>>> print(open('upload.cif').read())   # mmCIF, C-alpha atoms and all ligand atoms
data_work
loop_
_atom_site.group_PDB
_atom_site.id
_atom_site.type_symbol
_atom_site.label_atom_id
_atom_site.label_comp_id
_atom_site.auth_asym_id
_atom_site.auth_seq_id
_atom_site.Cartn_x
_atom_site.Cartn_y
_atom_site.Cartn_z
ATOM 1 C CA ARG H 1 82.917 64.048 99.125
ATOM 2 C CA LEU H 2 85.177 66.780 97.806
ATOM 3 C CA ALA H 3 83.731 66.374 94.304
ATOM 4 C CA ALA H 4 80.197 66.583 95.714
ATOM 5 C CA ALA H 5 81.074 69.667 97.747
ATOM 6 C CA LEU H 6 82.643 71.296 94.687
ATOM 7 C CA ALA H 7 79.617 70.499 92.566
ATOM 8 C CA GLY H 8 77.355 72.048 95.198
ATOM 9 C CA SER H 9 79.233 75.335 95.452
ATOM 10 C CA GLY H 10 79.351 78.301 93.111
ATOM 11 C CA GLY H 11 78.723 81.992 92.815
ATOM 12 C CA PRO H 12 80.639 84.892 94.319
ATOM 13 C CA GLY H 13 83.429 84.156 96.782
ATOM 14 C CA THR H 14 82.473 84.556 100.414
ATOM 15 C CA THR H 15 83.606 83.300 103.775
ATOM 16 C CA ARG H 16 81.272 81.167 105.903
ATOM 17 C CA ASP H 17 80.181 84.278 107.787
ATOM 18 C CA GLY H 18 79.398 86.208 104.621
ATOM 19 C CA HIS H 19 82.523 88.338 104.076
ATOM 20 C CA ALA H 20 82.835 88.864 100.298
ATOM 21 C CA VAL H 21 86.153 88.001 98.614
ATOM 22 C CA ALA H 22 85.964 88.410 94.838
ATOM 23 C CA LEU H 23 87.383 85.409 92.976
ATOM 24 C CA LEU H 24 89.023 86.488 89.738
ATOM 25 C CA ALA H 25 91.074 85.081 86.869
ATOM 26 C CA ASN H 26 94.636 85.755 85.743
ATOM 27 C CA ILE H 27 94.662 85.859 81.945
ATOM 28 C CA GLY H 28 97.186 86.524 79.191
ATOM 29 C CA GLY H 29 95.139 87.140 76.062
ATOM 30 C CA VAL H 30 92.014 86.548 73.997
ATOM 31 C CA GLU H 31 91.901 82.746 74.285
ATOM 32 C CA ASP H 32 92.306 82.867 78.059
ATOM 33 C CA ALA H 33 89.561 85.489 78.196
ATOM 34 C CA ILE H 34 87.135 83.301 76.276
ATOM 35 C CA ASP H 35 87.892 80.336 78.578
ATOM 36 C CA ALA H 36 87.706 82.336 81.811
ATOM 37 C CA GLY H 37 84.678 84.351 80.690
ATOM 38 C CA ALA H 38 82.686 81.120 80.405
ATOM 39 C CA GLN H 39 83.501 80.144 83.997
ATOM 40 C CA ASP H 40 81.804 80.891 87.278
ATOM 41 C CA LEU H 41 84.056 83.696 88.489
ATOM 42 C CA GLU H 42 83.699 87.391 89.105
ATOM 43 C CA GLY H 43 85.959 88.730 86.387
ATOM 44 C CA VAL H 44 89.659 89.292 85.808
ATOM 45 C CA GLY H 45 92.108 90.370 88.500
ATOM 46 C CA LEU H 46 95.156 90.406 86.236
ATOM 47 C CA PHE H 47 95.318 90.674 82.459
ATOM 48 C CA ARG H 48 99.033 90.476 81.656
ATOM 49 C CA THR H 49 98.992 92.614 78.493
ATOM 50 C CA GLU H 50 102.661 92.062 77.697
ATOM 51 C CA PHE H 51 101.859 88.393 76.965
ATOM 52 C CA VAL H 52 99.840 89.489 73.921
ATOM 53 C CA PHE H 53 102.855 91.240 72.402
ATOM 54 C CA LEU H 54 105.733 88.889 73.295
ATOM 55 C CA SER H 55 106.427 88.084 69.649
ATOM 56 C CA ALA H 56 105.592 91.508 68.164
ATOM 57 C CA GLU H 57 108.539 93.131 66.404
ATOM 58 C CA ARG H 58 107.066 96.629 66.323
ATOM 59 C CA ALA H 59 104.826 98.462 68.742
ATOM 60 C CA PRO H 60 101.151 97.598 68.221
ATOM 61 C CA THR H 61 99.077 100.496 66.858
ATOM 62 C CA LEU H 62 96.122 102.050 68.660
ATOM 63 C CA GLU H 63 93.689 100.259 66.344
ATOM 64 C CA GLU H 64 95.392 96.885 66.784
ATOM 65 C CA GLN H 65 95.249 97.241 70.524
ATOM 66 C CA VAL H 66 91.605 98.339 70.591
ATOM 67 C CA GLU H 67 90.678 95.231 68.618
ATOM 68 C CA ILE H 68 92.522 92.895 71.016
ATOM 69 C CA TYR H 69 91.227 94.530 74.189
ATOM 70 C CA ARG H 70 87.683 94.508 72.865
ATOM 71 C CA ARG H 71 87.922 90.757 72.293
ATOM 72 C CA VAL H 72 89.375 90.276 75.781
ATOM 73 C CA PHE H 73 86.666 92.353 77.496
ATOM 74 C CA GLU H 74 83.637 91.016 75.639
ATOM 75 C CA PRO H 75 83.449 87.575 77.326
ATOM 76 C CA PHE H 76 83.117 89.291 80.718
ATOM 77 C CA GLY H 77 80.037 91.406 79.979
ATOM 78 C CA GLY H 78 79.757 93.938 82.791
ATOM 79 C CA ARG H 79 82.143 92.059 85.118
ATOM 80 C CA ARG H 80 85.367 93.659 86.283
ATOM 81 C CA VAL H 81 88.530 93.349 84.208
ATOM 82 C CA VAL H 82 91.742 94.560 85.834
ATOM 83 C CA VAL H 83 94.281 95.277 83.130
ATOM 84 C CA ARG H 84 97.957 95.599 83.851
ATOM 85 C CA THR H 85 99.857 97.963 81.581
ATOM 86 C CA LEU H 86 102.885 96.514 79.821
ATOM 87 C CA ASP H 87 105.206 94.791 82.272
ATOM 88 C CA ALA H 88 108.095 94.628 79.826
ATOM 89 C CA GLY H 89 111.671 93.861 80.785
ATOM 90 C CA ALA H 90 113.375 91.298 83.037
ATOM 91 C CA ASP H 91 111.626 87.921 82.571
ATOM 92 C CA LYS H 92 109.253 89.368 79.904
ATOM 93 C CA PRO H 93 111.328 91.207 77.262
ATOM 94 C CA LEU H 94 109.449 92.937 74.414
ATOM 95 C CA ALA H 95 111.355 93.633 71.192
ATOM 96 C CA PHE H 96 109.699 97.035 70.685
ATOM 97 C CA ALA H 97 110.316 98.187 74.247
ATOM 98 C CA ASP H 98 113.934 97.199 74.687
ATOM 99 C CA LEU H 99 116.191 99.723 76.388
ATOM 100 C CA GLY H 100 119.326 97.621 75.860
ATOM 101 C CA PRO H 101 121.175 95.040 77.940
ATOM 102 C CA GLU H 102 121.263 95.435 81.716
ATOM 103 C CA GLU H 103 123.456 93.818 84.350
ATOM 104 C CA ASN H 104 120.489 93.056 86.639
ATOM 105 C CA PRO H 105 117.279 93.141 84.586
ATOM 106 C CA ALA H 106 115.022 92.264 87.538
ATOM 107 C CA LEU H 107 116.319 95.405 89.265
ATOM 108 C CA GLY H 108 116.429 97.475 86.108
ATOM 109 C CA ARG H 109 114.180 99.519 83.866
ATOM 110 C CA ARG H 110 111.214 97.199 83.780
ATOM 111 C CA GLY H 111 107.469 97.641 84.241
ATOM 112 C CA LEU H 112 106.409 101.185 85.034
ATOM 113 C CA ARG H 113 110.042 102.323 84.936
ATOM 114 C CA LEU H 114 110.075 101.476 81.258
ATOM 115 C CA SER H 115 106.742 103.241 80.747
ATOM 116 C CA ALA H 116 108.263 106.365 82.273
ATOM 117 C CA GLU H 117 110.962 106.313 79.587
ATOM 118 C CA ARG H 118 108.459 105.464 76.850
ATOM 119 C CA PRO H 119 105.311 107.402 77.801
ATOM 120 C CA ASP H 120 104.231 107.162 74.162
ATOM 121 C CA LEU H 121 103.754 103.407 74.601
ATOM 122 C CA LEU H 122 101.825 103.892 77.833
ATOM 123 C CA ASP H 123 99.521 106.585 76.429
ATOM 124 C CA THR H 124 98.669 104.561 73.324
ATOM 125 C CA GLN H 125 97.850 101.586 75.514
ATOM 126 C CA LEU H 126 95.700 103.626 77.909
ATOM 127 C CA GLU H 127 93.842 105.261 75.041
ATOM 128 C CA ALA H 128 93.154 101.865 73.445
ATOM 129 C CA LEU H 129 91.931 100.471 76.765
ATOM 130 C CA ALA H 130 89.585 103.433 77.230
ATOM 131 C CA VAL H 131 88.096 102.995 73.754
ATOM 132 C CA ALA H 132 87.622 99.232 74.205
ATOM 133 C CA ALA H 133 86.113 99.755 77.676
ATOM 134 C CA ARG H 134 83.579 102.237 76.318
ATOM 135 C CA GLU H 135 82.652 99.996 73.405
ATOM 136 C CA THR H 136 82.149 96.832 75.477
ATOM 137 C CA GLY H 137 80.751 98.229 78.724
ATOM 138 C CA ALA H 138 83.176 96.120 80.786
ATOM 139 C CA ASP H 139 84.155 97.410 84.239
ATOM 140 C CA VAL H 140 87.780 98.102 83.259
ATOM 141 C CA ARG H 141 90.357 99.084 85.867
ATOM 142 C CA VAL H 142 93.998 99.672 85.034
ATOM 143 C CA MET H 143 97.054 99.024 87.165
ATOM 144 C CA ALA H 144 100.798 99.554 86.849
ATOM 145 C CA PRO H 145 103.496 96.929 87.434
ATOM 146 C CA MET H 146 106.705 97.458 89.442
ATOM 147 C CA VAL H 147 105.689 100.560 91.353
ATOM 148 C CA ALA H 148 108.136 101.437 94.154
ATOM 149 C CA THR H 149 107.185 104.960 95.266
ATOM 150 C CA ALA H 150 104.233 107.271 95.839
ATOM 151 C CA GLU H 151 105.443 109.594 93.048
ATOM 152 C CA GLU H 152 105.309 106.739 90.568
ATOM 153 C CA ALA H 153 101.813 105.797 91.681
ATOM 154 C CA ASP H 154 100.651 109.431 91.421
ATOM 155 C CA TRP H 155 102.181 109.816 87.962
ATOM 156 C CA PHE H 156 100.496 106.659 86.742
ATOM 157 C CA SER H 157 97.061 107.367 88.172
ATOM 158 C CA ARG H 158 97.101 110.876 86.674
ATOM 159 C CA ARG H 159 97.886 109.469 83.241
ATOM 160 C CA VAL H 160 95.166 106.835 83.572
ATOM 161 C CA ARG H 161 92.562 109.486 84.362
ATOM 162 C CA GLU H 162 93.825 111.856 81.649
ATOM 163 C CA ASN H 163 93.155 109.083 79.180
ATOM 164 C CA GLY H 164 89.540 108.801 80.270
ATOM 165 C CA LEU H 165 89.745 105.663 82.406
ATOM 166 C CA ALA H 166 87.920 105.749 85.715
ATOM 167 C CA LYS H 167 89.921 103.491 88.020
ATOM 168 C CA ALA H 168 93.679 103.388 88.567
ATOM 169 C CA GLY H 169 95.606 101.015 90.776
ATOM 170 C CA VAL H 170 99.118 99.773 91.361
ATOM 171 C CA MET H 171 100.648 96.386 91.798
ATOM 172 C CA ILE H 172 102.298 95.971 95.146
ATOM 173 C CA GLU H 173 105.228 93.750 94.299
ATOM 174 C CA VAL H 174 108.198 95.787 95.491
ATOM 175 C CA PRO H 175 108.733 95.688 99.268
ATOM 176 C CA ALA H 176 109.183 99.473 99.366
ATOM 177 C CA ALA H 177 105.665 99.961 98.018
ATOM 178 C CA ALA H 178 104.266 97.302 100.350
ATOM 179 C CA LEU H 179 105.747 98.952 103.440
ATOM 180 C CA ARG H 180 104.489 102.373 102.321
ATOM 181 C CA ALA H 181 101.151 101.219 100.872
ATOM 182 C CA GLU H 182 99.146 103.797 102.807
ATOM 183 C CA HIS H 183 101.012 106.611 101.061
ATOM 184 C CA VAL H 184 101.503 104.880 97.715
ATOM 185 C CA LEU H 185 97.757 104.284 97.376
ATOM 186 C CA ARG H 186 96.591 107.774 98.341
ATOM 187 C CA ASP H 187 95.782 108.857 94.773
ATOM 188 C CA CYS H 188 94.901 105.356 93.544
ATOM 189 C CA ASP H 189 91.705 103.344 93.773
ATOM 190 C CA PHE H 190 93.199 99.973 94.710
ATOM 191 C CA GLY H 191 96.333 97.895 95.209
ATOM 192 C CA SER H 192 97.045 94.369 94.022
ATOM 193 C CA LEU H 193 99.748 92.230 95.595
ATOM 194 C CA GLY H 194 102.023 90.496 93.095
ATOM 195 C CA THR H 195 103.286 87.771 95.360
ATOM 196 C CA ASN H 196 105.676 86.329 92.762
ATOM 197 C CA ASP H 197 107.812 89.433 92.525
ATOM 198 C CA LEU H 198 107.167 90.406 96.129
ATOM 199 C CA ALA H 199 108.745 87.091 97.205
ATOM 200 C CA GLN H 200 111.614 87.589 94.774
ATOM 201 C CA TYR H 201 112.430 91.060 96.080
ATOM 202 C CA THR H 202 111.754 90.358 99.758
ATOM 203 C CA MET H 203 113.929 87.249 99.763
ATOM 204 C CA ALA H 204 116.552 88.554 97.270
ATOM 205 C CA ALA H 205 116.048 85.354 95.272
ATOM 206 C CA ASP H 206 115.799 85.339 91.468
ATOM 207 C CA ARG H 207 112.393 83.932 90.510
ATOM 208 C CA MET H 208 113.916 82.530 87.306
ATOM 209 C CA GLN H 209 116.178 80.172 89.268
ATOM 210 C CA GLY H 210 114.320 76.990 90.154
ATOM 211 C CA GLU H 211 117.068 76.101 92.628
ATOM 212 C CA LEU H 212 115.896 78.989 94.804
ATOM 213 C CA SER H 213 112.284 77.845 95.064
ATOM 214 C CA ASP H 214 112.517 77.285 98.829
ATOM 215 C CA LEU H 215 113.370 80.952 99.306
ATOM 216 C CA LEU H 216 110.645 82.013 96.884
ATOM 217 C CA ASP H 217 107.976 80.115 98.815
ATOM 218 C CA PRO H 218 105.137 82.563 99.612
ATOM 219 C CA TRP H 219 104.764 80.808 102.977
ATOM 220 C CA GLN H 220 108.032 82.446 104.029
ATOM 221 C CA PRO H 221 107.040 84.327 107.178
ATOM 222 C CA ALA H 222 108.951 87.410 106.013
ATOM 223 C CA VAL H 223 106.851 87.529 102.849
ATOM 224 C CA LEU H 224 103.691 87.174 104.935
ATOM 225 C CA ASP H 225 104.864 90.031 107.162
ATOM 226 C CA VAL H 226 105.380 92.269 104.137
ATOM 227 C CA ILE H 227 101.938 91.317 102.794
ATOM 228 C CA ALA H 228 100.411 92.092 106.197
ATOM 229 C CA ALA H 229 102.061 95.519 106.235
ATOM 230 C CA ALA H 230 100.702 96.231 102.749
ATOM 231 C CA CYS H 231 97.157 95.233 103.733
ATOM 232 C CA GLU H 232 97.315 97.315 106.899
ATOM 233 C CA GLY H 233 98.531 100.340 104.931
ATOM 234 C CA ALA H 234 95.767 99.905 102.369
ATOM 235 C CA GLY H 235 93.268 99.699 105.215
ATOM 236 C CA ARG H 236 94.511 102.980 106.674
ATOM 237 C CA ALA H 237 94.226 104.569 103.229
ATOM 238 C CA GLY H 238 90.731 103.138 102.816
ATOM 239 C CA ARG H 239 91.685 101.254 99.636
ATOM 240 C CA PRO H 240 91.043 97.612 98.786
ATOM 241 C CA MET H 241 94.096 95.357 98.435
ATOM 242 C CA GLY H 242 93.737 92.261 96.261
ATOM 243 C CA VAL H 243 96.194 89.501 95.442
ATOM 244 C CA CYS H 244 97.081 88.509 91.880
ATOM 245 C CA GLY H 245 100.262 86.469 92.376
ATOM 246 C CA GLU H 246 100.202 82.679 92.280
ATOM 247 C CA ALA H 247 99.807 82.491 96.069
ATOM 248 C CA GLY H 248 96.105 83.366 95.828
ATOM 249 C CA GLY H 249 95.352 80.098 94.020
ATOM 250 C CA ASP H 250 96.523 77.896 96.915
ATOM 251 C CA PRO H 251 93.405 77.245 99.056
ATOM 252 C CA LEU H 252 95.263 77.263 102.389
ATOM 253 C CA LEU H 253 97.301 80.312 101.538
ATOM 254 C CA ALA H 254 94.143 81.991 100.234
ATOM 255 C CA LEU H 255 92.656 81.695 103.737
ATOM 256 C CA VAL H 256 95.779 83.273 105.202
ATOM 257 C CA LEU H 257 95.732 86.093 102.658
ATOM 258 C CA VAL H 258 92.088 86.855 103.441
ATOM 259 C CA GLY H 259 92.985 86.786 107.125
ATOM 260 C CA LEU H 260 95.738 89.308 106.432
ATOM 261 C CA GLY H 261 93.204 91.598 104.761
ATOM 262 C CA ALA H 262 93.120 90.706 101.047
ATOM 263 C CA SER H 263 89.799 91.775 99.514
ATOM 264 C CA SER H 264 90.015 89.755 96.287
ATOM 265 C CA LEU H 265 92.030 86.827 94.957
ATOM 266 C CA SER H 266 93.038 86.402 91.331
ATOM 267 C CA MET H 267 94.422 83.105 90.058
ATOM 268 C CA ALA H 268 94.548 80.602 87.210
ATOM 269 C CA PRO H 269 90.809 80.094 86.557
ATOM 270 C CA GLY H 270 90.990 76.348 87.203
ATOM 271 C CA LYS H 271 91.912 77.074 90.814
ATOM 272 C CA VAL H 272 88.805 79.105 91.625
ATOM 273 C CA PRO H 273 86.481 76.225 92.697
ATOM 274 C CA LEU H 274 88.795 74.897 95.430
ATOM 275 C CA VAL H 275 89.562 78.364 96.741
ATOM 276 C CA ARG H 276 85.829 79.168 96.801
ATOM 277 C CA LEU H 277 85.183 75.997 98.795
ATOM 278 C CA ALA H 278 87.994 76.745 101.267
ATOM 279 C CA LEU H 279 86.554 80.218 101.904
ATOM 280 C CA ALA H 280 83.006 78.903 102.281
ATOM 281 C CA ARG H 281 84.225 76.604 105.067
ATOM 282 C CA HIS H 282 85.921 79.291 107.178
ATOM 283 C CA THR H 283 84.791 82.475 108.855
ATOM 284 C CA LEU H 284 86.772 85.691 108.622
ATOM 285 C CA PRO H 285 87.861 85.413 112.288
ATOM 286 C CA GLN H 286 89.113 81.889 111.519
ATOM 287 C CA CYS H 287 91.057 83.218 108.537
ATOM 288 C CA ARG H 288 92.596 85.839 110.814
ATOM 289 C CA GLN H 289 93.587 83.128 113.268
ATOM 290 C CA LEU H 290 95.207 81.114 110.491
ATOM 291 C CA ALA H 291 97.100 84.212 109.358
ATOM 292 C CA GLN H 292 98.320 84.755 112.903
ATOM 293 C CA LEU H 293 99.458 81.132 113.125
ATOM 294 C CA ALA H 294 101.408 81.464 109.895
ATOM 295 C CA ARG H 295 103.069 84.679 110.964
ATOM 296 C CA THR H 296 104.174 83.366 114.339
ATOM 297 C CA ALA H 297 105.912 80.374 112.704
ATOM 298 C CA ARG H 298 109.682 80.583 112.331
ATOM 299 C CA THR H 299 109.952 78.916 108.941
ATOM 300 C CA ALA H 300 107.914 78.539 105.750
ATOM 301 C CA GLY H 301 107.481 74.837 106.453
ATOM 302 C CA GLU H 302 106.232 75.466 109.982
ATOM 303 C CA ALA H 303 103.823 78.134 108.749
ATOM 304 C CA HIS H 304 102.392 75.812 106.127
ATOM 305 C CA ASP H 305 102.121 72.863 108.543
ATOM 306 C CA ALA H 306 100.473 74.927 111.253
ATOM 307 C CA VAL H 307 97.826 76.267 108.900
ATOM 308 C CA ARG H 308 97.215 72.876 107.324
ATOM 309 C CA ALA H 309 96.659 71.342 110.755
ATOM 310 C CA ALA H 310 94.309 74.106 111.901
ATOM 311 C CA ALA H 311 92.226 74.548 108.747
ATOM 312 C CA SER H 312 89.257 72.303 108.244
ATOM 313 C CA ALA H 313 90.046 68.933 106.692
ATOM 314 C CA GLU H 314 89.948 68.106 102.955
ATOM 315 C CA LEU H 315 91.869 71.166 101.774
HETATM 316 C C1 LIG J 1 103.582 88.881 90.437
HETATM 317 O O1 LIG J 1 104.702 89.368 90.353
HETATM 318 O O2 LIG J 1 103.185 88.243 91.432
HETATM 319 C C2 LIG J 1 102.607 89.027 89.347
HETATM 320 C C3 LIG J 1 101.334 88.751 89.524
HETATM 321 O O3 LIG J 1 103.044 89.444 88.144
HETATM 322 P P1 LIG J 1 104.026 88.605 87.194
HETATM 323 O O4 LIG J 1 104.064 87.190 87.703
HETATM 324 O O5 LIG J 1 103.454 88.722 85.835
HETATM 325 O O6 LIG J 1 105.317 89.330 87.338
HETATM 326 MG MG MG J 2 105.214 90.804 88.860
#
>>> encode(input="upload.cif", output="structure tokens", more="lines below")
Ligand code: PEP
Ligand code: MG
Amino acid sequence: RLAAALAGSGGPGTTRDGHAVALLANIGGVEDAIDAGAQDLEGVGLFRTEFVFLSAERAPTLEEQVEIYRRVFEPFGGRRVVVRTLDAGADKPLAFADLGPEENPALGRRGLRLSAERPDLLDTQLEALAVAARETGADVRVMAPMVATAEEADWFSRRVRENGLAKAGVMIEVPAAALRAEHVLRDCDFGSLGTNDLAQYTMAADRMQGELSDLLDPWQPAVLDVIAAACEGAGRAGRPMGVCGEAGGDPLLALVLVGLGASSLSMAPGKVPLVRLALARHTLPQCRQLAQLARTARTAGEAHDAVRAAASAEL
């Protein structure tokens, strides 16, 4: 029955009562783009650009970057492609953007903090993205990783626009930015929740340590509370808030995230069909009820169990 239901569904993500939730892919380079571009999904919600350069020994030139971005954008035609600027440092070190050893790399000069110290790298990347966007006609939007404050978001969005790109956003993956999303997003076009880092920083649990996976569980009610605050802040600012962390690819959690206010979900492309089906079987008010159930639970396990019991069967 599930296979038949999956075969019979497709197209843009929407709840049973017609509330649109864009279903997008997380990609890490040209091959992923070709695979995802051929699938029934609405575009890219997270292109992790640092993945392309993990083995590069020197900074890629403008021309080299234009060529790569063009090949990433092409498979998506006019669909949206959300590009994240280099998220170097911590778990994703880049040889050409290394500021030296740090005691606590996850709390150090990573992501946008590194871009602030190396604006040359950021500007070259933004310029290359603008050229490739113009040449391919893709709906390119750019977002910054590891934003903590409104000043950082303002600085980034100004640089994005100065480089000729139309839409600037920020990842919401630091609890400070989540709690202050209304203010952080004022000069940005959108926010995107990075639930992997948001769980790490909310729970003070290193995402690189498998032994801590219980704490890193996105069903942790505290993480859901922080996500809810971020969505509410985005709503007050009149900005859409998507999700691009792994949590969005879990069909049950996807329902909860939509209930909390997420406007799009980005995930490994193979996860899109089940998430689409889960959405198609629930109304937005039902998603809100599931979110409420999860948030009133005392533990991650209770939240997960309560939602599993209340959601429609077969998920
Ligand atoms: C996240 O932190 O949830 C995220 C999407 O980014 P990354 O996993 O690349 O840090
Ligand atoms: Mg992250």
>>> residues_near_ligand(input="upload.cif", ligand="ligand MG 2 (chain J)", cutoff="9 Å", atoms="only C-alpha atoms and all ligand atoms", output="list in words")
Asp87, Gly111, Pro145, Met146, Met171, Ile172, Glu173, Val174, Leu193, Gly194, Thr195, Asn196, Asp197, Leu198, Cys244 and Gly245 of chain H
>>> residues_near_point(input="upload.cif", point="(91.6, 103.2, 87.8)", cutoff="8 Å", atoms="all atoms listed in the file", output="count of residues only")
15
>>> resolve_selection(input="upload.cif", expression="the PyMOL selection byres (((chain H and resi 90) around 8) and not hetatm)", output="list in words")
Ala88, Gly89, Asp91, Lys92, Pro93, Pro105, Ala106, Gly108 and Arg110 of chain H
>>> closest_residue(input="upload.cif", among="H:Ala133, H:Ala153, H:Leu257, H:Val272", to="Ala229 of chain H", atoms="all atoms listed in the file")
H:Leu257
>>> atom_distance(input="upload.cif", atom1="atom CA of Glu182 of chain H", atom2="atom CA of Pro240 of chain H")
11.0 Å
>>> atom_distance(input="upload.cif", atom1="atom CA of Glu152 of chain H", atom2="atom O4 of ligand LIG 1 (chain J)")
19.8 Å
>>> axis_aligned_box(input="upload.cif", around="ligand LIG 1 (chain J)", padding_each_side="6 Å", output="lines of an AutoDock Vina configuration file")
center_x = 103.3
center_y = 88.3
center_z = 88.6
size_x = 16.0
size_y = 14.3
size_z = 17.6
>>> residues_around(input="upload.cif", residues="Asp214 of chain H", least_positions_apart="5", cutoff="10 Å", atoms="only C-alpha atoms", output="JSON, numbers by chain")
{"H": [205, 219, 220, 300, 301]}
>>> closest_residue(input="upload.cif", among="H:Ser55, H:Ser263, H:Gln200, H:Thr124", to="ligand LIG 1 (chain J)", atoms="all atoms listed in the file")
H:Gln200
>>> closest_residue(input="upload.cif", among="H:Gln65, H:Ser266, H:Gln125, H:Ser115", to="ligand LIG 1 (chain J)", atoms="all atoms listed in the file")
H:Ser266
>>> closest_residue(input="upload.cif", among="H:Thr15, H:Ser192, H:Ser312, H:Gln292", to="ligand LIG 1 (chain J)", atoms="all atoms listed in the file")
H:Ser192
>>> closest_residue(input="upload.cif", among="H:Arg239, H:Arg281, H:Arg207, H:Arg276", to="ligand LIG 1 (chain J)", atoms="all atoms listed in the file")
H:Arg207
>>> residues_around(input="upload.cif", residues="Asn163 of chain H", least_positions_apart="5", cutoff="7 Å", atoms="only C-alpha atoms", output="list of chain:residue names")
H:Leu126, H:Glu127, H:Ala130
>>> residues_near_point(input="upload.cif", point="(94.1, 75.1, 88.2)", cutoff="12 Å", atoms="only C-alpha atoms", output="ChimeraX atom specification")
/H:25-26,36,246,248-251,266-275
>>> write_last_selection(input="upload.cif", atoms="C-alpha atoms", output="PDB file, keeping the file's coordinate frame")
ATOM      1  CA  ALA H  25      91.074  85.081  86.869  1.00  0.00           C
ATOM      2  CA  ASN H  26      94.636  85.755  85.743  1.00  0.00           C
ATOM      3  CA  ALA H  36      87.706  82.336  81.811  1.00  0.00           C
ATOM      4  CA  GLU H 246     100.202  82.679  92.280  1.00  0.00           C
ATOM      5  CA  GLY H 248      96.105  83.366  95.828  1.00  0.00           C
ATOM      6  CA  GLY H 249      95.352  80.098  94.020  1.00  0.00           C
ATOM      7  CA  ASP H 250      96.523  77.896  96.915  1.00  0.00           C
ATOM      8  CA  PRO H 251      93.405  77.245  99.056  1.00  0.00           C
ATOM      9  CA  SER H 266      93.038  86.402  91.331  1.00  0.00           C
ATOM     10  CA  MET H 267      94.422  83.105  90.058  1.00  0.00           C
ATOM     11  CA  ALA H 268      94.548  80.602  87.210  1.00  0.00           C
ATOM     12  CA  PRO H 269      90.809  80.094  86.557  1.00  0.00           C
ATOM     13  CA  GLY H 270      90.990  76.348  87.203  1.00  0.00           C
ATOM     14  CA  LYS H 271      91.912  77.074  90.814  1.00  0.00           C
ATOM     15  CA  VAL H 272      88.805  79.105  91.625  1.00  0.00           C
ATOM     16  CA  PRO H 273      86.481  76.225  92.697  1.00  0.00           C
ATOM     17  CA  LEU H 274      88.795  74.897  95.430  1.00  0.00           C
ATOM     18  CA  VAL H 275      89.562  78.364  96.741  1.00  0.00           C
TER      19      VAL H 275
END
>>> build_atoms(input="upload.cif", residues="segment 64-75 of chain H", atoms="N, CA and C atoms", output="short mmCIF file (atom, residue, chain, number, x, y, z; two decimals), keeping the file's coordinate frame")
data_model
loop_
_atom_site.label_atom_id
_atom_site.label_comp_id
_atom_site.auth_asym_id
_atom_site.auth_seq_id
_atom_site.Cartn_x
_atom_site.Cartn_y
_atom_site.Cartn_z
N GLU H 64 95.12 98.31 66.49
CA GLU H 64 95.39 96.88 66.78
C GLU H 64 95.10 96.57 68.25
N GLN H 65 95.48 97.50 69.09
CA GLN H 65 95.25 97.24 70.52
C GLN H 65 93.76 97.29 70.87
N VAL H 66 93.04 98.25 70.31
CA VAL H 66 91.60 98.34 70.59
C VAL H 66 90.93 97.02 70.24
N GLU H 67 91.30 96.47 69.08
CA GLU H 67 90.68 95.23 68.62
C GLU H 67 90.94 94.08 69.61
N ILE H 68 92.18 93.97 70.06
CA ILE H 68 92.52 92.90 71.02
C ILE H 68 91.80 93.10 72.34
N TYR H 69 91.84 94.30 72.87
CA TYR H 69 91.23 94.53 74.19
C TYR H 69 89.72 94.33 74.12
N ARG H 70 89.12 94.71 73.00
CA ARG H 70 87.68 94.51 72.86
C ARG H 70 87.37 93.01 72.96
N ARG H 71 88.18 92.20 72.27
CA ARG H 71 87.92 90.76 72.29
C ARG H 71 88.21 90.15 73.67
N VAL H 72 89.11 90.76 74.41
CA VAL H 72 89.38 90.28 75.78
C VAL H 72 88.24 90.68 76.72
N PHE H 73 87.69 91.87 76.56
CA PHE H 73 86.67 92.35 77.50
C PHE H 73 85.31 91.70 77.25
N GLU H 74 84.99 91.47 75.98
CA GLU H 74 83.64 91.02 75.64
C GLU H 74 83.15 89.81 76.44
N PRO H 75 83.97 88.75 76.61
CA PRO H 75 83.45 87.58 77.33
C PRO H 75 83.04 87.86 78.77
#
